[in-house]
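So this one's entry_5.tsv, TSV, C-alpha atoms and all ligand atoms:
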```tsv
chain	number	residue	atom	x	y	z
A	1	MET	CA	113.63	-48.85	145.30
A	2	LEU	CA	110.56	-51.06	145.29
A	3	ASP	CA	110.98	-54.60	146.55
A	4	ASN	CA	109.91	-57.07	143.89
A	5	LYS	CA	108.97	-59.70	146.45
A	6	ARG	CA	106.12	-57.53	147.68
A	7	ILE	CA	102.73	-57.35	146.00
A	8	ARG	CA	102.00	-53.96	144.54
A	9	ILE	CA	98.36	-52.87	144.43
A	10	ALA	CA	97.24	-49.70	142.65
A	11	MET	CA	94.16	-47.94	143.94
A	12	GLN	CA	92.58	-44.51	143.48
A	13	LYS	CA	94.18	-41.89	145.69
A	14	SER	CA	91.11	-39.76	146.20
A	15	GLY	CA	87.74	-39.97	144.59
A	16	ARG	CA	84.68	-42.14	144.42
A	17	LEU	CA	86.55	-45.45	144.61
A	18	SER	CA	89.17	-44.58	147.21
A	19	ASP	CA	87.19	-45.01	150.45
A	20	ASP	CA	85.66	-48.32	149.37
A	21	SER	CA	89.00	-49.63	148.07
A	22	ARG	CA	90.72	-48.73	151.34
A	23	GLU	CA	87.92	-50.24	153.39
A	24	LEU	CA	88.04	-53.48	151.39
A	25	LEU	CA	91.79	-53.91	151.92
A	26	SER	CA	91.50	-53.07	155.58
A	27	ARG	CA	88.66	-55.60	156.05
A	28	CYS	CA	90.97	-58.16	154.46
A	29	GLY	CA	93.31	-57.59	157.39
A	30	ILE	CA	95.88	-55.45	155.58
A	31	LYS	CA	97.18	-52.80	157.98
A	32	ILE	CA	98.18	-49.69	156.06
A	33	ASN	CA	98.68	-46.15	157.18
A	34	LEU	CA	97.19	-44.10	154.37
A	35	GLN	CA	97.03	-40.87	156.34
A	36	GLN	CA	100.12	-39.38	154.81
A	37	GLN	CA	99.97	-37.82	151.38
A	38	ARG	CA	102.39	-40.38	150.01
A	39	LEU	CA	102.24	-42.03	146.59
A	40	ILE	CA	103.22	-45.33	148.09
A	41	ALA	CA	102.14	-46.87	151.40
A	42	PHE	CA	103.57	-50.06	152.88
A	43	ALA	CA	101.44	-52.63	154.68
A	44	GLU	CA	102.72	-53.23	158.20
A	45	ASN	CA	101.70	-56.86	158.52
A	46	MET	CA	101.96	-58.31	154.98
A	47	PRO	CA	104.37	-57.95	152.05
A	48	ILE	CA	102.02	-55.57	150.23
A	49	ASP	CA	102.63	-52.05	148.90
A	50	ILE	CA	99.80	-49.75	147.93
A	51	LEU	CA	100.29	-47.30	145.08
A	52	ARG	CA	97.84	-44.41	145.29
A	53	VAL	CA	97.25	-42.80	141.90
A	54	ARG	CA	94.58	-41.21	139.69
A	55	ASP	CA	92.10	-43.81	138.56
A	56	ASP	CA	92.91	-43.18	134.88
A	57	ASP	CA	96.45	-44.47	135.44
A	58	ILE	CA	95.47	-47.77	137.07
A	59	PRO	CA	94.63	-49.90	133.98
A	60	GLY	CA	97.89	-48.85	132.28
A	61	LEU	CA	99.97	-49.62	135.38
A	62	VAL	CA	98.50	-53.15	135.44
A	63	MET	CA	98.73	-53.68	131.66
A	64	ASP	CA	102.36	-52.52	131.67
A	65	GLY	CA	103.15	-54.84	134.60
A	66	VAL	CA	104.24	-51.97	136.87
A	67	VAL	CA	101.87	-53.17	139.59
A	68	ASP	CA	100.54	-56.68	140.27
A	69	LEU	CA	96.94	-55.77	141.12
A	70	GLY	CA	94.62	-52.83	140.59
A	71	ILE	CA	91.21	-51.77	141.84
A	72	ILE	CA	89.45	-49.85	139.09
A	73	GLY	CA	86.05	-49.02	137.58
A	74	GLU	CA	85.21	-51.19	134.57
A	75	ASN	CA	84.38	-48.03	132.60
A	76	VAL	CA	87.95	-46.71	132.87
A	77	LEU	CA	89.43	-50.19	132.36
A	78	GLU	CA	87.38	-50.91	129.24
A	79	GLU	CA	88.11	-47.48	127.75
A	80	GLU	CA	91.86	-48.01	128.26
A	81	LEU	CA	91.59	-51.49	126.75
A	82	LEU	CA	89.85	-50.14	123.62
A	83	THR	CA	92.33	-47.23	123.37
A	84	ARG	CA	95.30	-49.57	123.55
A	85	GLN	CA	93.77	-52.04	121.13
A	86	ALA	CA	93.16	-49.21	118.64
A	87	GLN	CA	96.82	-48.22	118.96
A	88	GLY	CA	98.08	-51.80	118.73
A	89	GLU	CA	99.52	-51.66	122.25
A	90	ASN	CA	99.62	-54.37	124.90
A	91	ALA	CA	96.34	-54.47	126.82
A	92	GLY	CA	96.59	-57.74	128.75
A	93	TYR	CA	95.17	-58.24	132.24
A	94	THR	CA	93.01	-60.73	134.15
A	95	THR	CA	89.89	-59.83	136.10
A	96	LEU	CA	90.06	-61.56	139.48
A	97	ARG	CA	86.75	-60.36	140.84
A	98	ARG	CA	83.95	-57.92	140.29
A	99	LEU	CA	83.58	-55.92	143.52
A	100	ASP	CA	80.48	-54.70	145.32
A	101	PHE	CA	81.05	-50.96	144.97
A	102	GLY	CA	81.59	-48.23	142.36
A	103	GLY	CA	78.34	-49.02	140.58
A	104	CYS	CA	77.39	-46.53	137.87
A	105	ARG	CA	76.24	-46.42	134.27
A	106	LEU	CA	77.61	-44.69	131.21
A	107	SER	CA	74.63	-43.01	129.62
A	108	LEU	CA	73.64	-40.78	126.75
A	109	ALA	CA	71.86	-37.62	127.87
A	110	MET	CA	70.27	-34.77	125.96
A	111	PRO	CA	68.75	-31.42	126.86
A	112	ALA	CA	65.48	-32.21	128.63
A	113	ASP	CA	63.40	-30.47	125.95
A	114	ALA	CA	65.04	-32.26	123.00
A	115	GLY	CA	62.91	-35.08	121.62
A	116	TYR	CA	64.61	-38.48	121.70
A	117	THR	CA	63.24	-41.28	119.58
A	118	GLY	CA	66.20	-43.66	119.71
A	119	PRO	CA	69.96	-43.62	119.04
A	120	GLU	CA	69.28	-42.91	115.33
A	121	CYS	CA	68.33	-39.34	116.19
A	122	LEU	CA	71.92	-38.80	117.38
A	123	ASP	CA	73.41	-39.97	114.07
A	124	ASN	CA	76.23	-37.60	113.05
A	125	LYS	CA	75.57	-35.37	116.06
A	126	ARG	CA	78.34	-33.97	118.25
A	127	ILE	CA	78.59	-35.79	121.57
A	128	ALA	CA	80.75	-34.68	124.51
A	129	THR	CA	82.37	-37.49	126.47
A	130	SER	CA	85.44	-38.74	128.33
A	131	TYR	CA	84.78	-42.23	126.92
A	132	PRO	CA	85.12	-41.90	123.12
A	133	HIS	CA	85.98	-45.57	122.53
A	134	LEU	CA	83.12	-47.01	124.57
A	135	LEU	CA	80.80	-44.58	122.81
A	136	LYS	CA	82.18	-45.52	119.40
A	137	ARG	CA	81.70	-49.22	120.13
A	138	TYR	CA	78.06	-48.54	120.97
A	139	PHE	CA	77.48	-46.40	117.87
A	140	ASP	CA	79.29	-48.95	115.66
A	141	SER	CA	76.99	-51.68	116.99
A	142	LYS	CA	74.01	-49.58	115.79
A	143	ASN	CA	75.68	-48.69	112.46
A	144	LEU	CA	75.58	-45.02	113.42
A	145	SER	CA	78.29	-42.37	113.68
A	146	PHE	CA	78.92	-39.29	115.81
A	147	LYS	CA	81.40	-36.44	116.14
A	148	PRO	CA	83.29	-36.80	119.41
A	149	CYS	CA	83.93	-33.78	121.62
A	150	MET	CA	86.55	-35.02	124.09
A	151	LEU	CA	86.22	-33.51	127.58
A	152	ASN	CA	87.85	-34.85	130.73
A	153	GLY	CA	85.56	-33.03	133.13
A	154	SER	CA	82.40	-30.91	133.29
A	155	VAL	CA	80.96	-32.93	130.42
A	156	GLU	CA	77.45	-32.05	131.55
A	157	VAL	CA	77.83	-28.38	130.72
A	158	ALA	CA	78.77	-29.05	127.06
A	159	PRO	CA	75.26	-28.79	125.55
A	160	ARG	CA	74.50	-25.56	127.43
A	161	ALA	CA	77.85	-24.12	126.33
A	162	GLY	CA	77.01	-24.97	122.73
A	163	LEU	CA	79.89	-27.48	122.50
A	164	ALA	CA	77.77	-30.54	121.80
A	165	ASP	CA	74.24	-31.77	121.05
A	166	ALA	CA	74.36	-34.52	123.64
A	167	ILE	CA	76.69	-36.02	126.23
A	168	CYS	CA	77.81	-39.51	127.18
A	169	ASP	CA	78.78	-39.53	130.84
A	170	LEU	CA	78.69	-41.51	134.07
A	171	VAL	CA	75.47	-41.45	136.05
A	172	SER	CA	74.51	-42.94	139.37
A	173	THR	CA	71.50	-41.03	140.68
A	174	GLY	CA	70.92	-38.69	137.76
A	175	ALA	CA	70.94	-35.60	140.01
A	176	THR	CA	73.86	-33.95	138.18
A	177	LEU	CA	72.12	-34.40	134.84
A	178	GLU	CA	68.91	-32.93	136.18
A	179	ALA	CA	70.74	-29.97	137.68
A	180	ASN	CA	72.11	-29.23	134.21
A	181	GLY	CA	68.79	-29.53	132.40
A	182	LEU	CA	69.68	-32.88	130.85
A	183	ARG	CA	67.69	-36.09	130.52
A	184	GLU	CA	69.20	-39.58	130.48
A	185	VAL	CA	68.03	-41.22	127.25
A	186	ASP	CA	70.02	-44.43	126.89
A	187	VAL	CA	72.39	-46.56	128.98
A	188	ILE	CA	75.37	-47.75	126.94
A	189	TYR	CA	77.49	-49.46	129.63
A	190	ARG	CA	77.03	-50.63	133.23
A	191	SER	CA	80.07	-50.52	135.44
A	192	LYS	CA	81.34	-51.64	138.84
A	193	ALA	CA	84.75	-51.66	140.44
A	194	VAL	CA	86.87	-54.71	139.68
A	195	LEU	CA	90.09	-56.25	141.00
A	196	ILE	CA	92.50	-56.96	138.17
A	197	GLN	CA	95.86	-58.71	137.97
A	198	ARG	CA	98.71	-58.18	135.55
A	199	GLU	CA	99.60	-60.84	133.04
A	200	GLY	CA	102.85	-62.78	133.05
A	201	GLU	CA	104.86	-64.83	135.49
A	202	MET	CA	104.13	-64.40	139.16
A	203	PRO	CA	106.53	-65.83	141.76
A	204	GLU	CA	104.87	-68.69	143.63
A	205	GLU	CA	104.85	-66.97	147.00
A	206	LYS	CA	103.30	-63.83	145.52
A	207	GLN	CA	100.58	-65.82	143.74
A	208	TYR	CA	99.92	-67.66	146.99
A	209	LEU	CA	99.35	-64.36	148.77
A	210	ILE	CA	97.16	-63.03	145.93
A	211	ASP	CA	95.00	-66.16	146.14
A	212	LYS	CA	94.74	-65.71	149.90
A	213	LEU	CA	93.76	-62.07	149.44
A	214	LEU	CA	91.13	-63.08	146.89
A	215	THR	CA	89.64	-65.62	149.32
A	216	ARG	CA	89.45	-62.91	151.96
A	217	ILE	CA	87.81	-60.49	149.50
A	218	GLN	CA	85.19	-63.16	148.66
A	219	GLY	CA	84.62	-63.53	152.40
A	220	VAL	CA	84.27	-59.79	152.98
A	221	ILE	CA	81.81	-59.36	150.10
A	222	LYS	CA	79.81	-62.45	151.03
A	223	ALA	CA	79.60	-61.24	154.63
A	224	ARG	CA	78.40	-57.81	153.50
A	225	GLU	CA	75.64	-59.46	151.44
A	226	SER	CA	74.60	-61.81	154.23
A	227	LYS	CA	72.73	-61.51	157.49
A	228	TYR	CA	72.56	-63.65	160.59
A	229	ILE	CA	68.94	-64.19	161.52
A	230	MET	CA	67.62	-65.40	164.87
A	231	LEU	CA	64.01	-65.92	165.85
A	232	HIS	CA	61.65	-67.97	167.97
A	233	ALA	CA	58.99	-69.98	166.13
A	234	PRO	CA	56.21	-72.47	166.93
A	235	SER	CA	57.62	-76.00	166.40
A	236	GLU	CA	54.73	-77.14	164.22
A	237	ARG	CA	55.15	-74.23	161.77
A	238	LEU	CA	58.90	-74.69	161.25
A	239	GLU	CA	58.68	-75.59	157.54
A	240	GLU	CA	56.46	-72.58	156.77
A	241	VAL	CA	58.90	-70.30	158.58
A	242	ILE	CA	61.89	-71.75	156.69
A	243	ALA	CA	60.07	-71.31	153.39
A	244	LEU	CA	59.85	-67.58	154.06
A	245	MET	CA	63.57	-67.11	154.69
A	246	PRO	CA	65.37	-65.64	151.67
A	247	GLY	CA	68.45	-67.56	150.59
A	248	ALA	CA	68.90	-69.23	153.98
A	249	GLU	CA	70.67	-72.53	154.44
A	250	ARG	CA	69.11	-75.16	156.71
A	251	PRO	CA	68.72	-73.39	160.03
A	252	THR	CA	70.03	-74.48	163.39
A	253	VAL	CA	67.07	-75.35	165.61
A	254	LEU	CA	67.56	-75.10	169.37
A	255	PRO	CA	65.19	-75.90	172.25
A	256	LEU	CA	63.88	-73.03	174.36
A	257	ALA	CA	64.17	-73.54	178.10
A	258	GLY	CA	60.73	-74.09	179.66
A	259	ASP	CA	58.84	-73.91	176.34
A	260	GLN	CA	58.02	-77.19	174.54
A	261	ALA	CA	55.89	-75.64	171.82
A	262	ARG	CA	58.48	-73.21	170.49
A	263	VAL	CA	62.09	-73.40	169.28
A	264	ALA	CA	64.86	-70.91	168.56
A	265	MET	CA	66.13	-70.78	164.98
A	266	HIS	CA	69.49	-69.39	163.84
A	267	MET	CA	70.46	-69.06	160.19
A	268	VAL	CA	72.71	-67.27	157.74
A	269	SER	CA	70.75	-65.68	154.95
A	270	SER	CA	72.27	-64.47	151.69
A	271	GLU	CA	69.89	-61.52	151.71
A	272	THR	CA	68.55	-59.14	154.27
A	273	LEU	CA	65.12	-59.67	155.75
A	274	PHE	CA	62.60	-57.11	154.57
A	275	TRP	CA	59.93	-55.69	156.85
A	276	GLU	CA	57.23	-57.46	154.77
A	277	THR	CA	58.85	-60.86	155.41
A	278	MET	CA	59.26	-60.07	159.11
A	279	GLU	CA	55.55	-59.25	159.28
A	280	LYS	CA	54.67	-62.55	157.57
A	281	LEU	CA	56.93	-64.41	160.02
A	282	LYS	CA	55.17	-62.72	162.89
A	283	SER	CA	51.78	-63.75	161.52
A	284	LEU	CA	53.02	-67.38	161.53
A	285	GLY	CA	53.68	-66.99	165.25
A	286	ALA	CA	57.39	-66.13	165.12
A	287	SER	CA	58.75	-63.68	167.68
A	288	SER	CA	62.02	-62.10	168.90
A	289	ILE	CA	63.18	-61.74	165.29
A	290	LEU	CA	66.74	-60.39	165.10
A	291	VAL	CA	68.64	-59.53	161.92
A	292	LEU	CA	72.37	-59.04	162.53
A	293	PRO	CA	75.22	-57.97	160.26
A	294	ILE	CA	78.04	-60.47	159.73
A	295	GLU	CA	81.60	-59.22	159.95
A	296	LYS	CA	83.57	-62.02	158.30
A	297	MET	CA	82.80	-65.31	156.56
A	298	MET	CA	84.81	-68.26	155.29
A	299	GLU	CA	83.09	-71.21	153.65
A	301	LIG	P1	90.78	-39.18	139.52
A	301	LIG	O1	91.21	-37.90	140.14
A	301	LIG	O2	91.31	-40.39	140.28
A	301	LIG	O3	91.06	-39.28	138.04
A	301	LIG	P2	88.00	-39.02	138.71
A	301	LIG	O4	87.47	-37.66	138.92
A	301	LIG	O5	88.39	-39.44	137.34
A	301	LIG	O6	89.20	-39.25	139.73
A	301	LIG	P3	85.83	-40.18	140.27
A	301	LIG	O7	84.77	-39.17	140.05
A	301	LIG	O8	86.46	-40.28	141.60
A	301	LIG	O9	86.97	-40.12	139.14
A	301	LIG	O10	85.19	-41.60	139.88
A	301	LIG	C1	85.96	-42.76	139.88
A	301	LIG	C2	85.10	-43.91	139.40
A	301	LIG	O11	84.01	-44.11	140.29
A	301	LIG	C3	84.45	-43.77	138.04
A	301	LIG	O12	85.32	-44.02	136.95
A	301	LIG	C4	83.36	-44.82	138.14
A	301	LIG	O13	83.88	-46.10	137.87
A	301	LIG	C5	82.95	-44.77	139.60
A	301	LIG	N1	81.66	-44.07	139.86
A	301	LIG	C6	80.68	-44.53	140.65
A	301	LIG	N2	79.63	-43.68	140.67
A	301	LIG	C7	79.93	-42.67	139.89
A	301	LIG	C8	79.26	-41.46	139.52
A	301	LIG	N3	78.06	-41.17	139.94
A	301	LIG	N4	79.89	-40.61	138.71
A	301	LIG	C9	81.13	-40.88	138.31
A	301	LIG	N5	81.81	-42.00	138.62
A	301	LIG	C10	81.23	-42.90	139.39
A	302	MG	MG	90.00	-40.06	136.55
```
Write-out of the structure in structure tokens:
Amino acid sequence: MLDNKRIRIAMQKSGRLSDDSRELLSRCGIKINLQQQRLIAFAENMPIDILRVRDDDIPGLVMDGVVDLGIIGENVLEEELLTRQAQGENAGYTTLRRLDFGGCRLSLAMPADAGYTGPECLDNKRIATSYPHLLKRYFDSKNLSFKPCMLNGSVEVAPRAGLADAICDLVSTGATLEANGLREVDVIYRSKAVLIQREGEMPEEKQYLIDKLLTRIQGVIKARESKYIMLHAPSERLEEVIALMPGAERPTVLPLAGDQARVAMHMVSSETLFWETMEKLKSLGASSILVLPIEKMME
């Protein structure tokens, strides 16, 4: 029997979101042993249970209030939302945060040799997809229609197999499309993984822990986006050096032992430092430039 005092988080068991979801929770300090092939894993150091399921089931588990939180791709979430809305079912949830992984786009693709002049040329055509509602929303917005061919996998082989004229599928690099002789012609939706929470009452202590988890997630993502930069620079060119630093706060300036003309600078930058910027810094007289990853951050 599941303990209702513990937070239940649904995440993908195995697939493109599972490693990043697991890594995010572990960076937030949640100790879970996910080695075993179990549906449910219990955190050792916090009142948190992890439900490991197919990604398609995650939005429904959150919308039905079976779990408190879910980590899911917006594409799957939005499709479930539209499906439930069309059926008049409950589709409530709150997005707590967009995450920094799982990026992909839902695109229309056609055989590479088919001419594409715009979505109008797909009017009334048969399109294979696992996302019929997202596709319909797009076609409705253009006042066009299509015949859906619902496939839950291997969508990219549909045109070759004579099942459809075009496909609407997820793309990240485009390599799968290319390998199947298809060309991406239009992007209809851009997706990332998100953390969502169920609607309805949440006991105070559970909400407190969710808020704490969210603060840690912000910290993990911010740290991943940021760099710690150290360098030595000529004192009289300090302002020029600072002007080159991307997204840096005011740096810490420290004296260098035995060198009056130069100082050490330390700063947190919200972006990495590209080679081009490092070269410009060097031409201003900067040296010993170090760019370090940051493990954790709390502001
Ligand atoms: P499951 O067995 O859990 O149902 P799945 O096969 O439906 O898994 P995956 O291929 O693991 O799903 O993809 C999960 C999610 O990862 C997608 O819904 C999407 O949000 C995201 N994603 C990121 N890049 C891609 C990509 N190139 N192709 C497909 N999905 C991607
Ligand atoms: Mg799936």
Would you tabulate, counting all atoms listed in the file, all residues of chain A that have an atom at most 7 Å from an atom of ligand LIG 301 (chain A), showing the closest pair of atoms and their distance in Å to one decimal, sorted by chain then ascending number, as CSV?
```
residue,atom,partner,partner_atom,distance
A:Gln12,CA,A:LIG301,O2,5.4
A:Lys13,CA,A:LIG301,O2,6.3
A:Ser14,CA,A:LIG301,O2,6.0
A:Gly15,CA,A:LIG301,O8,3.3
A:Arg16,CA,A:LIG301,O8,3.8
A:Leu17,CA,A:LIG301,O11,5.2
A:Val53,CA,A:LIG301,O2,6.6
A:Arg54,CA,A:LIG301,O2,3.4
A:Asp55,CA,A:LIG301,O2,3.9
A:Asp56,CA,A:LIG301,O3,5.3
A:Ile72,CA,A:LIG301,O13,6.8
A:Gly73,CA,A:LIG301,O13,3.6
A:Glu74,CA,A:LIG301,O13,6.2
A:Asn75,CA,A:LIG301,O13,5.6
A:Val76,CA,A:LIG301,O12,5.5
A:Gly102,CA,A:LIG301,C6,4.2
A:Gly103,CA,A:LIG301,C6,5.1
A:Cys104,CA,A:LIG301,N2,4.6
A:Leu170,CA,A:LIG301,N4,4.9
A:Val171,CA,A:LIG301,N3,4.7
A:Ser172,CA,A:LIG301,N3,4.0
A:Thr173,CA,A:LIG301,N3,6.6
A:Ser191,CA,A:LIG301,O13,6.3
A:Lys192,CA,A:LIG301,O13,6.2
A:Ala193,CA,A:LIG301,O13,6.2
```
Would you output that residue set with C-alpha atoms, as a PDB file, in the coordinates of the input?
```pdb
ATOM      1  CA  GLN A  12      92.580 -44.510 143.480  1.00  0.00           C
ATOM      2  CA  LYS A  13      94.180 -41.890 145.690  1.00  0.00           C
ATOM      3  CA  SER A  14      91.110 -39.760 146.200  1.00  0.00           C
ATOM      4  CA  GLY A  15      87.740 -39.970 144.590  1.00  0.00           C
ATOM      5  CA  ARG A  16      84.680 -42.140 144.420  1.00  0.00           C
ATOM      6  CA  LEU A  17      86.550 -45.450 144.610  1.00  0.00           C
ATOM      7  CA  VAL A  53      97.250 -42.800 141.900  1.00  0.00           C
ATOM      8  CA  ARG A  54      94.580 -41.210 139.690  1.00  0.00           C
ATOM      9  CA  ASP A  55      92.100 -43.810 138.560  1.00  0.00           C
ATOM     10  CA  ASP A  56      92.910 -43.180 134.880  1.00  0.00           C
ATOM     11  CA  ILE A  72      89.450 -49.850 139.090  1.00  0.00           C
ATOM     12  CA  GLY A  73      86.050 -49.020 137.580  1.00  0.00           C
ATOM     13  CA  GLU A  74      85.210 -51.190 134.570  1.00  0.00           C
ATOM     14  CA  ASN A  75      84.380 -48.030 132.600  1.00  0.00           C
ATOM     15  CA  VAL A  76      87.950 -46.710 132.870  1.00  0.00           C
ATOM     16  CA  GLY A 102      81.590 -48.230 142.360  1.00  0.00           C
ATOM     17  CA  GLY A 103      78.340 -49.020 140.580  1.00  0.00           C
ATOM     18  CA  CYS A 104      77.390 -46.530 137.870  1.00  0.00           C
ATOM     19  CA  LEU A 170      78.690 -41.510 134.070  1.00  0.00           C
ATOM     20  CA  VAL A 171      75.470 -41.450 136.050  1.00  0.00           C
ATOM     21  CA  SER A 172      74.510 -42.940 139.370  1.00  0.00           C
ATOM     22  CA  THR A 173      71.500 -41.030 140.680  1.00  0.00           C
ATOM     23  CA  SER A 191      80.070 -50.520 135.440  1.00  0.00           C
ATOM     24  CA  LYS A 192      81.340 -51.640 138.840  1.00  0.00           C
ATOM     25  CA  ALA A 193      84.750 -51.660 140.440  1.00  0.00           C
TER      26      ALA A 193
END
```
- Got a sec: who's within 10 Å of stretch 276-290 of chain A, counting only C-alpha atoms, leaving out chain neighbours fewer than 4 positions off, as a PyMOL selection string? chain A and resi 227-235+237-238+240-242+244-246+262-266+272
- Leaving out stretch 4-9 of chain A and any residue of its chain fewer than 5 positions from it, which residues lie within 12 Å of it when counting only C-alpha atoms, given as a VMD selection string? chain A and resid 21 to 22 25 30 39 to 53 58 to 59 61 to 62 65 to 72 195 to 198 202 to 211 213
- Task: Identify which of the residues A:Ser130, A:Pro159, A:Leu34, A:Ala86 lies closest to ligand MG 302 (chain A), counting all atoms listed in the file when measuring atom-to-atom distances.
- Result: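 Ranking A:Ser130, A:Pro159, A:Leu34, A:Ala86 by distance to ligand MG 302 (chain A), first place goes to A:Ser130.
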- Within 9 Å of A:Ile221 using all atoms listed in the file, minus same-chain residues under 2 positions, as a list in words: Leu24, Leu99, Asp100, Arg216, Ile217, Gln218, Gly219, Ala223, Arg224, Glu225, Ser226, Lys296 and Met297 of chain A
- Item | Best match for closeness to A:Tyr93 among A:Ile32, A:Val155, A:Val194, A:Ala175, counting all atoms listed in the file |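 Of all the options, A:Val194 lies closest to A:Tyr93.
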- Item | Distance in Å - atom CA of A:Thr215 versus atom CA of A:Arg97 | 10.4 Å
- Atomic separation - atom CA of A:Glu78 relative to atom CA of A:Ser141, Å: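 Computing it gives 16.1 Å between the two atoms.
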- Query: Please, what distance in Å, to one decimal, runs between atom CA of A:Gly60 and atom CA of A:Arg98?
  - Reply: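 Straight-line distance from atom CA of A:Gly60 to atom CA of A:Arg98 works out to 18.5 Å.
Compared by their closest atoms to A:Gly181, and using all atoms listed in the file, the residues A:Arg38, A:Arg84, A:Arg250, A:Arg160 rank with A:Arg160 nearest.
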Enclosing box along x, y and z for every listed atom of stretch 37-56 of chain A, padded 8 Å each side, centre and size in Å, one decimal, as AutoDock Vina command-line options:
```
--center_x 98.2 --center_y -48.1 --center_z 146.7 --size_x 28.3 --size_y 36.5 --size_z 39.6
```
- Message: Given all atoms listed in the file as the basis, pick out the residue of A:Pro148, A:Gly153, A:Gly247, A:Pro119 nearest to ligand MG 302 (chain A).
- Response: A:Gly153
